[in-house]
file protein_27.csv (CSV, C-alpha atoms and all ligand atoms)
chain,number,residue,atom,x,y,z
F,394,MET,CA,14.2,-6.7,-13.8
F,395,THR,CA,13.9,-3.3,-15.4
F,396,GLY,CA,13.2,0.1,-13.8
F,397,LYS,CA,13.1,1.0,-10.1
F,398,SER,CA,10.6,0.3,-7.4
F,399,GLY,CA,8.3,3.1,-6.6
F,400,PHE,CA,7.1,4.6,-3.3
F,401,GLN,CA,10.5,4.5,-1.6
F,402,LEU,CA,10.2,6.4,1.7
F,403,ARG,CA,13.3,7.1,3.7
F,404,GLN,CA,14.2,8.8,7.0
F,405,GLY,CA,11.1,9.8,8.9
F,406,GLY,CA,8.8,9.0,5.9
F,407,PRO,CA,7.6,5.5,7.2
F,408,GLU,CA,6.6,7.0,10.6
F,409,VAL,CA,4.6,9.8,8.9
F,410,TYR,CA,3.1,7.3,6.4
F,411,GLU,CA,1.9,5.1,9.3
F,412,ARG,CA,0.5,8.1,11.3
F,413,CYS,CA,-1.2,9.6,8.3
F,414,TRP,CA,-2.1,7.2,5.5
F,415,VAL,CA,-2.4,4.0,7.5
F,416,ARG,CA,-4.6,5.6,10.3
F,417,ALA,CA,-6.8,7.5,7.9
F,418,GLN,CA,-7.3,4.8,5.2
F,419,LEU,CA,-5.1,1.7,5.0
F,420,ALA,CA,-5.8,0.2,8.4
F,421,GLN,CA,-9.5,-0.2,7.5
F,422,SER,CA,-8.8,-1.5,4.0
F,423,ALA,CA,-6.2,-3.9,5.5
F,424,GLU,CA,-8.9,-5.5,7.6
F,425,GLU,CA,-11.1,-5.8,4.5
F,426,LEU,CA,-8.3,-7.4,2.5
F,427,VAL,CA,-7.5,-9.9,5.3
F,428,ALA,CA,-11.3,-10.7,5.4
F,429,ALA,CA,-11.4,-11.1,1.6
F,430,ALA,CA,-8.7,-13.7,1.8
F,431,ASN,CA,-10.5,-15.4,4.7
F,432,VAL,CA,-7.4,-15.5,6.9
F,433,SER,CA,-8.1,-18.0,9.6
F,434,SER,CA,-6.5,-19.6,12.6
F,435,GLY,CA,-3.4,-21.7,11.6
F,436,ASP,CA,-2.9,-20.0,8.3
F,437,ARG,CA,0.6,-19.1,7.3
F,438,VAL,CA,0.4,-15.6,5.7
F,439,ILE,CA,2.8,-13.5,3.7
F,440,ASP,CA,2.2,-9.8,3.2
F,441,ILE,CA,4.1,-8.6,0.2
F,442,ALA,CA,5.1,-5.0,-0.2
F,443,CYS,CA,4.2,-4.8,3.5
F,444,GLY,CA,5.4,-1.2,4.0
F,445,THR,CA,4.9,-0.4,7.7
F,446,GLY,CA,3.2,-3.7,8.2
F,447,VAL,CA,-0.5,-2.9,8.6
F,448,VAL,CA,-1.8,-5.9,6.6
F,449,ALA,CA,0.7,-8.2,8.4
F,450,ARG,CA,-0.6,-6.9,11.8
F,451,SER,CA,-4.2,-7.3,10.8
F,452,ALA,CA,-3.5,-10.9,9.5
F,453,ALA,CA,-1.7,-11.7,12.8
F,454,VAL,CA,-4.7,-10.5,14.9
F,455,ARG,CA,-7.2,-12.4,12.8
F,456,SER,CA,-5.2,-15.6,12.7
F,457,GLY,CA,-4.4,-15.4,16.3
F,458,ASP,CA,-0.7,-16.2,15.9
F,459,ALA,CA,1.9,-13.5,14.9
F,460,ALA,CA,4.6,-16.2,14.4
F,461,THR,CA,2.8,-17.5,11.3
F,462,VAL,CA,2.9,-14.1,9.6
F,463,THR,CA,5.7,-12.7,7.4
F,464,GLY,CA,6.0,-9.2,6.0
F,465,ALA,CA,8.2,-8.6,2.9
F,466,ASP,CA,9.3,-5.3,1.4
F,467,VAL,CA,12.1,-4.0,-0.7
F,468,ASN,CA,12.6,-0.9,1.6
F,469,SER,CA,14.6,-1.5,4.8
F,470,ASP,CA,13.4,1.7,6.4
F,471,MET,CA,9.7,0.6,6.0
F,472,LEU,CA,10.6,-2.8,7.5
F,473,ALA,CA,12.4,-1.3,10.5
F,474,ALA,CA,9.3,0.8,11.2
F,475,ALA,CA,7.0,-2.2,10.6
F,476,ALA,CA,9.0,-4.2,13.3
F,477,ARG,CA,8.6,-1.3,15.8
F,478,PHE,CA,4.9,-0.9,15.2
F,479,ALA,CA,4.3,-4.7,15.4
F,480,ALA,CA,6.3,-4.8,18.7
F,481,ASP,CA,4.2,-1.9,20.0
F,482,ALA,CA,1.0,-3.9,19.2
F,483,ASP,CA,2.3,-7.1,21.0
F,484,LEU,CA,2.9,-8.7,17.6
F,485,ALA,CA,6.7,-8.9,17.8
F,486,ASP,CA,6.7,-12.5,16.4
F,487,ILE,CA,5.9,-11.4,12.9
F,488,ALA,CA,8.9,-12.1,10.6
F,489,TRP,CA,10.2,-9.3,8.4
F,490,VAL,CA,12.1,-10.0,5.2
F,491,GLU,CA,13.8,-7.5,3.0
F,492,CYS,CA,13.5,-8.5,-0.7
F,493,ASP,CA,12.2,-7.5,-4.0
F,494,ALA,CA,8.7,-9.1,-4.6
F,495,ALA,CA,10.1,-10.7,-7.7
F,496,ASP,CA,12.7,-12.6,-5.7
F,497,ILE,CA,11.3,-13.7,-2.3
F,498,PRO,CA,13.7,-15.7,-0.2
F,499,GLU,CA,11.1,-18.2,1.0
F,500,GLN,CA,10.7,-21.9,0.2
F,501,ASP,CA,8.1,-23.2,-2.3
F,502,SER,CA,4.6,-23.8,-1.1
F,503,LYS,CA,5.2,-22.4,2.4
F,504,PHE,CA,2.1,-20.1,2.8
F,505,ASP,CA,-1.6,-20.5,2.8
F,506,VAL,CA,-2.3,-16.9,2.0
F,507,ALA,CA,-0.4,-14.2,0.1
F,508,LEU,CA,-1.6,-10.6,0.5
F,509,CYS,CA,-0.5,-7.4,-1.2
F,510,GLN,CA,-2.2,-4.1,-0.4
F,511,GLN,CA,-1.4,-1.2,-2.8
F,512,GLY,CA,2.0,-2.5,-3.7
F,513,LEU,CA,1.9,-4.2,-7.1
F,514,GLN,CA,1.6,-1.0,-9.0
F,515,PHE,CA,5.1,0.1,-7.7
F,516,MET,CA,6.9,-3.0,-8.8
F,517,PRO,CA,9.0,-2.9,-12.0
F,518,ASP,CA,8.7,-6.7,-12.5
F,519,LYS,CA,5.0,-7.3,-11.9
F,520,LYS,CA,5.0,-10.7,-13.7
F,521,GLY,CA,8.0,-11.8,-11.7
F,522,ALA,CA,6.2,-10.7,-8.5
F,523,LEU,CA,3.0,-12.7,-9.3
F,524,ALA,CA,5.1,-15.7,-10.2
F,525,GLU,CA,6.8,-15.5,-6.8
F,526,MET,CA,3.4,-15.2,-5.0
F,527,TRP,CA,2.3,-18.3,-6.9
F,528,ARG,CA,5.5,-20.2,-6.0
F,529,VAL,CA,5.5,-19.5,-2.3
F,530,LEU,CA,1.8,-20.4,-1.9
F,531,LYS,CA,0.7,-24.0,-1.2
F,532,PRO,CA,-1.5,-25.7,-3.8
F,533,GLY,CA,-5.0,-24.3,-3.1
F,534,GLY,CA,-3.5,-21.2,-1.4
F,535,ARG,CA,-5.3,-17.9,-1.5
F,536,LEU,CA,-4.1,-14.7,-3.1
F,537,ALA,CA,-5.7,-11.2,-2.3
F,538,ILE,CA,-4.4,-8.0,-3.8
F,539,THR,CA,-5.7,-4.4,-3.9
F,540,VAL,CA,-4.8,-1.6,-6.3
F,541,TRP,CA,-6.4,1.8,-6.7
F,542,LYS,CA,-8.7,1.8,-9.8
F,543,THR,CA,-8.6,5.5,-10.7
F,544,ARG,CA,-6.9,8.7,-9.6
F,545,SER,CA,-8.6,9.8,-6.3
F,546,PRO,CA,-9.6,13.4,-5.6
F,547,ILE,CA,-6.4,13.6,-3.4
F,548,GLY,CA,-4.4,12.5,-6.4
F,549,ALA,CA,-6.1,15.1,-8.6
F,550,ALA,CA,-5.4,17.8,-6.1
F,551,PHE,CA,-1.8,16.8,-5.8
F,552,ALA,CA,-1.3,16.8,-9.6
F,553,ASN,CA,-3.0,20.2,-10.1
F,554,VAL,CA,-1.2,22.0,-7.3
F,555,PHE,CA,2.2,20.4,-7.7
F,556,ASP,CA,2.2,20.9,-11.4
F,557,ARG,CA,1.1,24.5,-11.0
F,558,HIS,CA,3.9,25.3,-8.5
F,559,PHE,CA,6.8,23.1,-9.7
F,560,GLY,CA,6.1,22.4,-13.3
F,561,GLU,CA,4.1,19.8,-15.3
F,562,GLY,CA,5.0,16.2,-14.4
F,563,THR,CA,6.2,17.0,-10.8
F,564,ALA,CA,3.5,14.7,-9.4
F,565,ALA,CA,4.7,11.8,-11.5
F,566,PRO,CA,6.1,9.8,-8.5
F,567,TRP,CA,2.6,10.0,-7.0
F,568,GLU,CA,0.8,9.2,-10.2
F,569,MET,CA,2.3,5.7,-10.0
F,570,VAL,CA,-0.2,5.1,-7.2
F,571,TYR,CA,-3.0,4.9,-9.8
F,572,SER,CA,-1.1,3.0,-12.6
F,573,LEU,CA,-2.6,-0.4,-12.3
F,574,GLY,CA,-6.3,0.2,-12.2
F,575,ASP,CA,-7.2,-1.7,-15.3
F,576,ARG,CA,-9.3,-4.8,-14.4
F,577,ALA,CA,-8.3,-6.8,-17.5
F,578,ARG,CA,-4.6,-6.1,-17.0
F,579,LEU,CA,-4.8,-7.1,-13.4
F,580,ARG,CA,-6.6,-10.3,-14.1
F,581,LYS,CA,-4.1,-11.1,-16.9
F,582,LEU,CA,-1.2,-10.7,-14.6
F,583,ALA,CA,-2.7,-13.1,-12.0
F,584,SER,CA,-3.9,-15.7,-14.5
F,585,GLY,CA,-0.6,-15.4,-16.5
F,586,ALA,CA,1.2,-16.5,-13.3
F,587,GLY,CA,-1.0,-19.6,-13.1
F,588,PHE,CA,-3.6,-18.4,-10.6
F,589,ARG,CA,-7.2,-19.7,-11.1
F,590,ASN,CA,-10.6,-18.6,-10.0
F,591,THR,CA,-9.6,-14.9,-10.3
F,592,HIS,CA,-12.3,-12.6,-9.1
F,593,ILE,CA,-12.1,-8.8,-9.0
F,594,THR,CA,-14.4,-6.6,-7.0
F,595,PHE,CA,-14.7,-2.8,-7.1
F,596,ASP,CA,-15.4,-0.7,-4.1
F,597,VAL,CA,-14.6,2.7,-2.5
F,598,LYS,CA,-12.3,3.2,0.4
F,599,PHE,CA,-12.3,6.5,2.3
F,600,ALA,CA,-9.4,8.5,3.7
F,601,ARG,CA,-10.9,10.1,6.8
F,602,HIS,CA,-9.2,12.6,9.2
F,603,PRO,CA,-10.5,15.1,11.7
F,604,ASP,CA,-7.9,17.7,10.9
F,605,PRO,CA,-7.7,18.3,7.1
F,606,ALA,CA,-4.6,20.5,7.2
F,607,ALA,CA,-2.7,18.0,9.4
F,608,PHE,CA,-3.7,15.2,7.1
F,609,ILE,CA,-2.6,16.8,3.9
F,610,SER,CA,0.6,17.9,5.4
F,611,GLY,CA,1.3,14.3,6.6
F,612,ALA,CA,0.0,12.8,3.4
F,613,ILE,CA,2.7,14.6,1.5
F,614,ALA,CA,5.5,14.1,4.1
F,615,GLY,CA,4.6,10.4,4.1
F,616,SER,CA,4.7,10.0,0.4
F,617,PRO,CA,7.3,10.2,-2.5
F,618,MET,CA,6.2,13.8,-2.9
F,619,ALA,CA,8.1,14.7,0.3
F,620,GLU,CA,11.3,15.4,-1.6
F,621,VAL,CA,9.6,18.0,-3.9
F,622,ILE,CA,8.5,20.2,-1.0
F,623,ALA,CA,11.6,19.6,1.2
F,624,GLY,CA,13.1,23.1,0.5
F,625,LEU,CA,9.9,25.2,0.9
F,626,SER,CA,9.7,27.9,3.6
F,627,ASP,CA,7.0,27.4,6.2
F,628,ALA,CA,4.9,30.1,4.6
F,629,ASP,CA,5.1,28.5,1.1
F,630,HIS,CA,4.4,25.1,2.6
F,631,ASP,CA,1.3,26.3,4.4
F,632,ARG,CA,0.1,28.0,1.2
F,633,LEU,CA,0.6,24.8,-0.8
F,634,ILE,CA,-1.5,22.9,1.8
F,635,ARG,CA,-4.2,25.5,1.7
F,636,GLU,CA,-4.4,25.2,-2.1
F,637,ILE,CA,-4.7,21.4,-1.9
F,638,LEU,CA,-7.4,21.7,0.7
F,639,ALA,CA,-9.3,24.2,-1.5
F,640,GLU,CA,-9.3,21.6,-4.3
F,641,LEU,CA,-10.7,19.1,-1.8
F,642,SER,CA,-13.5,21.4,-0.4
F,643,LEU,CA,-16.2,19.0,-1.5
F,644,TYR,CA,-14.8,16.1,0.5
F,645,HIS,CA,-15.8,16.8,4.0
F,646,ASP,CA,-18.4,15.5,6.4
F,647,ASP,CA,-19.2,16.4,10.1
F,648,ASP,CA,-16.2,14.4,11.2
F,649,GLY,CA,-13.6,16.2,9.0
F,650,LEU,CA,-12.0,15.3,5.7
F,651,ALA,CA,-13.6,12.2,4.0
F,652,VAL,CA,-12.1,11.5,0.5
F,653,PRO,CA,-13.2,8.5,-1.5
F,654,ALA,CA,-10.8,6.4,-3.6
F,655,GLU,CA,-11.9,3.7,-6.0
F,656,CYS,CA,-10.3,0.4,-5.4
F,657,LEU,CA,-10.0,-3.0,-7.1
F,658,THR,CA,-9.6,-6.2,-5.0
F,659,LEU,CA,-8.4,-9.3,-6.8
F,660,THR,CA,-8.8,-12.7,-5.1
F,661,ALA,CA,-7.5,-16.0,-6.7
F,662,LEU,CA,-6.4,-19.5,-5.9
F,663,LYS,CA,-3.1,-21.3,-6.7
L,1,LIG,C1,1.9,2.4,-0.8
L,1,LIG,S1,3.0,1.4,0.1
L,1,LIG,C2,1.9,0.1,0.7
L,1,LIG,C3,2.4,-0.5,1.9
L,1,LIG,C4,1.5,-1.4,2.6
L,1,LIG,N1,1.1,-2.6,1.8
L,1,LIG,C5,0.3,-0.7,3.1
L,1,LIG,O1,-0.8,-1.1,2.8
L,1,LIG,O2,0.4,0.3,3.9
L,1,LIG,C6,3.9,0.6,-1.2
L,1,LIG,C7,5.0,-0.3,-0.7
L,1,LIG,O3,5.5,-1.1,-1.8
L,1,LIG,C8,6.9,-1.4,-1.6
L,1,LIG,N2,7.5,-1.8,-2.9
L,1,LIG,C9,7.6,-1.1,-4.0
L,1,LIG,N3,8.2,-1.9,-4.9
L,1,LIG,C10,8.5,-3.1,-4.4
L,1,LIG,C11,9.1,-4.3,-4.8
L,1,LIG,N4,9.6,-4.3,-6.1
L,1,LIG,N5,9.2,-5.3,-4.0
L,1,LIG,C12,8.7,-5.2,-2.8
L,1,LIG,N6,8.1,-4.1,-2.2
L,1,LIG,C13,8.0,-3.1,-3.1
L,1,LIG,C14,7.4,-0.1,-1.1
L,1,LIG,O4,8.7,-0.2,-0.6
L,1,LIG,C15,6.3,0.4,-0.2
L,1,LIG,O5,6.5,-0.1,1.1

call {"tool": "encode", "arguments": {"input": "protein_27.csv", "output": "structure tokens"}}
result
Amino acid sequence: MTGKSGFQLRQGGPEVYERCWVRAQLAQSAEELVAAANVSSGDRVIDIACGTGVVARSAAVRSGDAATVTGADVNSDMLAAAARFAADADLADIAWVECDAADIPEQDSKFDVALCQQGLQFMPDKKGALAEMWRVLKPGGRLAITVWKTRSPIGAAFANVFDRHFGEGTAAPWEMVYSLGDRARLRKLASGAGFRNTHITFDVKFARHPDPAAFISGAIAGSPMAEVIAGLSDADHDRLIREILAELSLYHDDDGLAVPAECLTLTALK
């Protein structure tokens, strides 16, 4: 394996990530991913790069049995938060496994479904991760993966404002979010690992929040950009948030902030 995994949140990061990104955007897209994989009663499901566990929880609700669901992530802080959120949702039987996606400590052909929401782009060994997803699935097992297709307006606002304040390239840890949006590359990764019937759809997910300033503040704190702003005074922090909001002035509706993000969903069979 070369390089380091991206999107590594520590300390309070996972809680903020859950309150902000999951509530505003990823809870809805998790339900769509679980539906795309047609998770059904009796399915054994693994959620890879599970983060705070939103996809695992969604799969457990849909399958009706939390004990058949496993979440796996390389980040122990994310997993600890995932276990707390699952217990709060009466889904304490979900199993949590700390591992790199390229080395999953599960037996061959154990799962009916492998899911990965917005995680593959952060993995240094993407081929190894797809090979592991293939290995742990049963023959005929279903794979469903999402990655962002292009840089969203939030990403553009982050890049503009962070680069302006802290120097060009400061938003690089965030740019990784959008680094796997090429449909041909995504398909090649899956078919190269042995998956068949690869099918990729393109749609738009929204980040919605009634309080735009609270959302942007949390969106940064619950992201790899948190370290960049850690030393700012309250006044400088608030100025930064206002500048980012000004860049997003077009993305509002009567319910608050509503920012679109282009997404690819790949489904395939082992
Ligand atoms: C943007 S978060 C997505 C989390 C979750 N899937 C969701 O939808 O909220 C990306 C996650 O990928 C995980 N990750 C990054 N590289 C990884 C790797 N090599 N193996 C396993 N997980 C990884 C990070 O720790 C982080 O939890």

call {"tool": "closest_residue", "arguments": {"input": "protein_27.csv", "among": "F:Ala452, F:Ala522, F:Ala488, F:Ala428", "to": "ligand LIG 1 (chain L)", "atoms": "only C-alpha atoms and all ligand atoms"}}
result
F:Ala522

call {"tool": "residues_near_ligand", "arguments": {"input": "protein_27.csv", "ligand": "ligand LIG 1 (chain L)", "cutoff": "6 Å", "atoms": "only C-alpha atoms and all ligand atoms", "output": "NGL selection string"}}
result
:F and (398-401 or 415 or 419 or 442-445 or 447 or 466-468 or 471 or 493-494 or 509-512 or 515-516)

call {"tool": "closest_atom_pairs", "arguments": {"input": "protein_27.csv", "of": "region 451-551 of chain F", "to": "region 590-605 of chain F", "cutoff": "12 Å", "atoms": "all atoms listed in the file", "output": "tab-separated table"}}
result
residue	atom	partner	partner_atom	distance
F:Gly533	CA	F:Asn590	CA	10.6
F:Gly534	CA	F:Asn590	CA	11.5
F:Arg535	CA	F:Asn590	CA	10.0
F:Leu536	CA	F:Thr591	CA	9.1
F:Ala537	CA	F:Ile593	CA	9.6
F:Ile538	CA	F:Ile593	CA	9.3
F:Thr539	CA	F:Ile593	CA	9.3
F:Val540	CA	F:Phe595	CA	10.0
F:Trp541	CA	F:Val597	CA	9.3
F:Lys542	CA	F:Phe595	CA	8.0
F:Thr543	CA	F:Val597	CA	10.5
F:Ser545	CA	F:Phe599	CA	9.9
F:Pro546	CA	F:Ala600	CA	10.5
F:Ile547	CA	F:Ala600	CA	9.2
F:Gly548	CA	F:Ala600	CA	12.0

call {"tool": "atom_distance", "arguments": {"input": "protein_27.csv", "atom1": "CA of Ser456 (chain F)", "atom2": "CA of Ser502 (chain F)"}}
result
18.8 Å

call {"tool": "atom_distance", "arguments": {"input": "protein_27.csv", "atom1": "CA of Ile637 (chain F)", "atom2": "CA of Glu425 (chain F)"}}
result
28.7 Å

call {"tool": "closest_residue", "arguments": {"input": "protein_27.csv", "among": "F:Gly562, F:Gly587, F:Pro532, F:Gly446", "to": "Asp501 (chain F)", "atoms": "all atoms listed in the file"}}
result
F:Pro532

call {"tool": "residues_around", "arguments": {"input": "protein_27.csv", "residues": "Ala479 (chain F)", "least_positions_apart": "2", "cutoff": "12 Å", "atoms": "all atoms listed in the file", "output": "ChimeraX atom specification"}}
result
/F:411,443-454,459-460,462-464,472-477,481-489

call {"tool": "residues_around", "arguments": {"input": "protein_27.csv", "residues": "region 620-636 of chain F", "least_positions_apart": "2", "cutoff": "12 Å", "atoms": "all atoms listed in the file", "output": "PyMOL selection string"}}
result
chain F and resi 400-406+547+550-560+562-567+605-618+638-642

call {"tool": "atom_distance", "arguments": {"input": "protein_27.csv", "atom1": "CA of Leu508 (chain F)", "atom2": "CA of Arg580 (chain F)"}}
result
15.4 Å

call {"tool": "closest_residue", "arguments": {"input": "protein_27.csv", "among": "F:Arg455, F:Gln418, F:Tyr644, F:Leu426", "to": "Leu659 (chain F)", "atoms": "only C-alpha atoms"}}
result
F:Leu426
